[in-house]
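Engineer: Handing you this structure, nothing more for now.
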Amino acid sequence: MKSPLLAVVAALLVLGATSAANAKGCIKGAVVGGVAGHYAGHHGVLGAAAGCLYGRHHAKEQERQRQQQSQVNGQGKL
């Protein structure tokens, strides 16, 4: 029990040490994925990695949609 928990905590600390721009969505996804992976067969680290990747993808998609909407509304940055 302690070993997977320590691995997830270590992964979160490493992910937290990255720059804020690259970690957007990663921490939240890693926590959710780690918990889900743990309960789905003791694969917390694998779940945390997958959750991080999905969280980053989702954050990029949201940012892309915000940029498109601001350009449509005529409020794009110059």
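Residue numbering restarts at 1 in every chain; chains get A, B, ... in the order shown in the structure tokens, and ligands count up from 1 in that same order.
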Can you pull out every residue from chain A that DSSP, working from the backbone, puts in helix (DSSP H, G or I), and format the result as an NGL selection string?
Structural biologist: :A and (2-16 or 26-39 or 44-72)
Engineer: Tell me, as a list in words, which residues lie within 6 Å of region 56-63 of chain A, counting only C-alpha atoms; anything in the same chain fewer than 2 positions away does not count.
Structural biologist: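 My list of contacting residues is Gly25, Cys26, Leu53, Tyr54, Gln65 and Arg66 of chain A.
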Engineer: May I have the residues from that selection written out with N, CA and C atoms, as a compact mmCIF listing (two decimals), in the first residue's frame?
Structural biologist:
```
# COMPACT_ATOMS: atom_id res chain seq x y z
N GLY A 25 -3.42 21.52 -16.33
CA GLY A 25 -4.29 20.37 -16.46
C GLY A 25 -3.64 19.06 -16.05
N CYS A 26 -2.33 19.03 -15.95
CA CYS A 26 -1.61 17.79 -15.68
C CYS A 26 -1.80 17.34 -14.23
N LEU A 53 -1.46 13.14 -19.15
CA LEU A 53 -1.51 13.35 -20.60
C LEU A 53 -2.88 13.84 -21.04
N TYR A 54 -3.93 13.22 -20.52
CA TYR A 54 -5.27 13.64 -20.88
C TYR A 54 -5.56 15.06 -20.39
N GLN A 65 -10.02 26.74 -27.98
CA GLN A 65 -11.40 27.21 -28.14
C GLN A 65 -11.56 28.65 -27.65
N ARG A 66 -10.90 28.99 -26.54
CA ARG A 66 -10.97 30.37 -26.04
C ARG A 66 -10.38 31.35 -27.05
```
Engineer: Have a look at A:Ala50, A:Leu12, A:Ala23, A:Ala7 and name the one nearest to Gly37 (chain A); count only C-alpha atoms.
Structural biologist: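 Using only C-alpha atoms, the shortest distance to Gly37 (chain A) belongs to A:Ala50.
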Engineer: Excluding Ile27 (chain A) and any residue of its chain fewer than 4 positions from it, enumerate the residues within 9 Å of it, using only C-alpha atoms, and give them as a PyMOL selection string.
Structural biologist: chain A and resi 12+15-16+23+31-32+48+51-52+55-56
Engineer: So that I have them on file, write out the residues from the current selection with C-alpha atoms, as a CSV table (one decimal), in the first residue's frame.
Structural biologist:
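For reference, result_12.csv as written:
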```
chain,number,residue,atom,x,y,z
A,12,LEU,CA,3.2,14.5,-8.5
A,15,LEU,CA,5.2,17.1,-12.2
A,16,GLY,CA,4.9,20.0,-9.9
A,23,ALA,CA,1.6,21.6,-16.3
A,31,VAL,CA,-4.5,12.9,-9.2
A,32,VAL,CA,-7.7,11.7,-10.7
A,48,ALA,CA,-1.4,9.1,-13.0
A,51,GLY,CA,-4.4,11.3,-16.4
A,52,CYS,CA,-1.6,13.8,-16.8
A,55,GLY,CA,-5.4,16.7,-18.6
A,56,ARG,CA,-2.7,18.5,-20.7
```
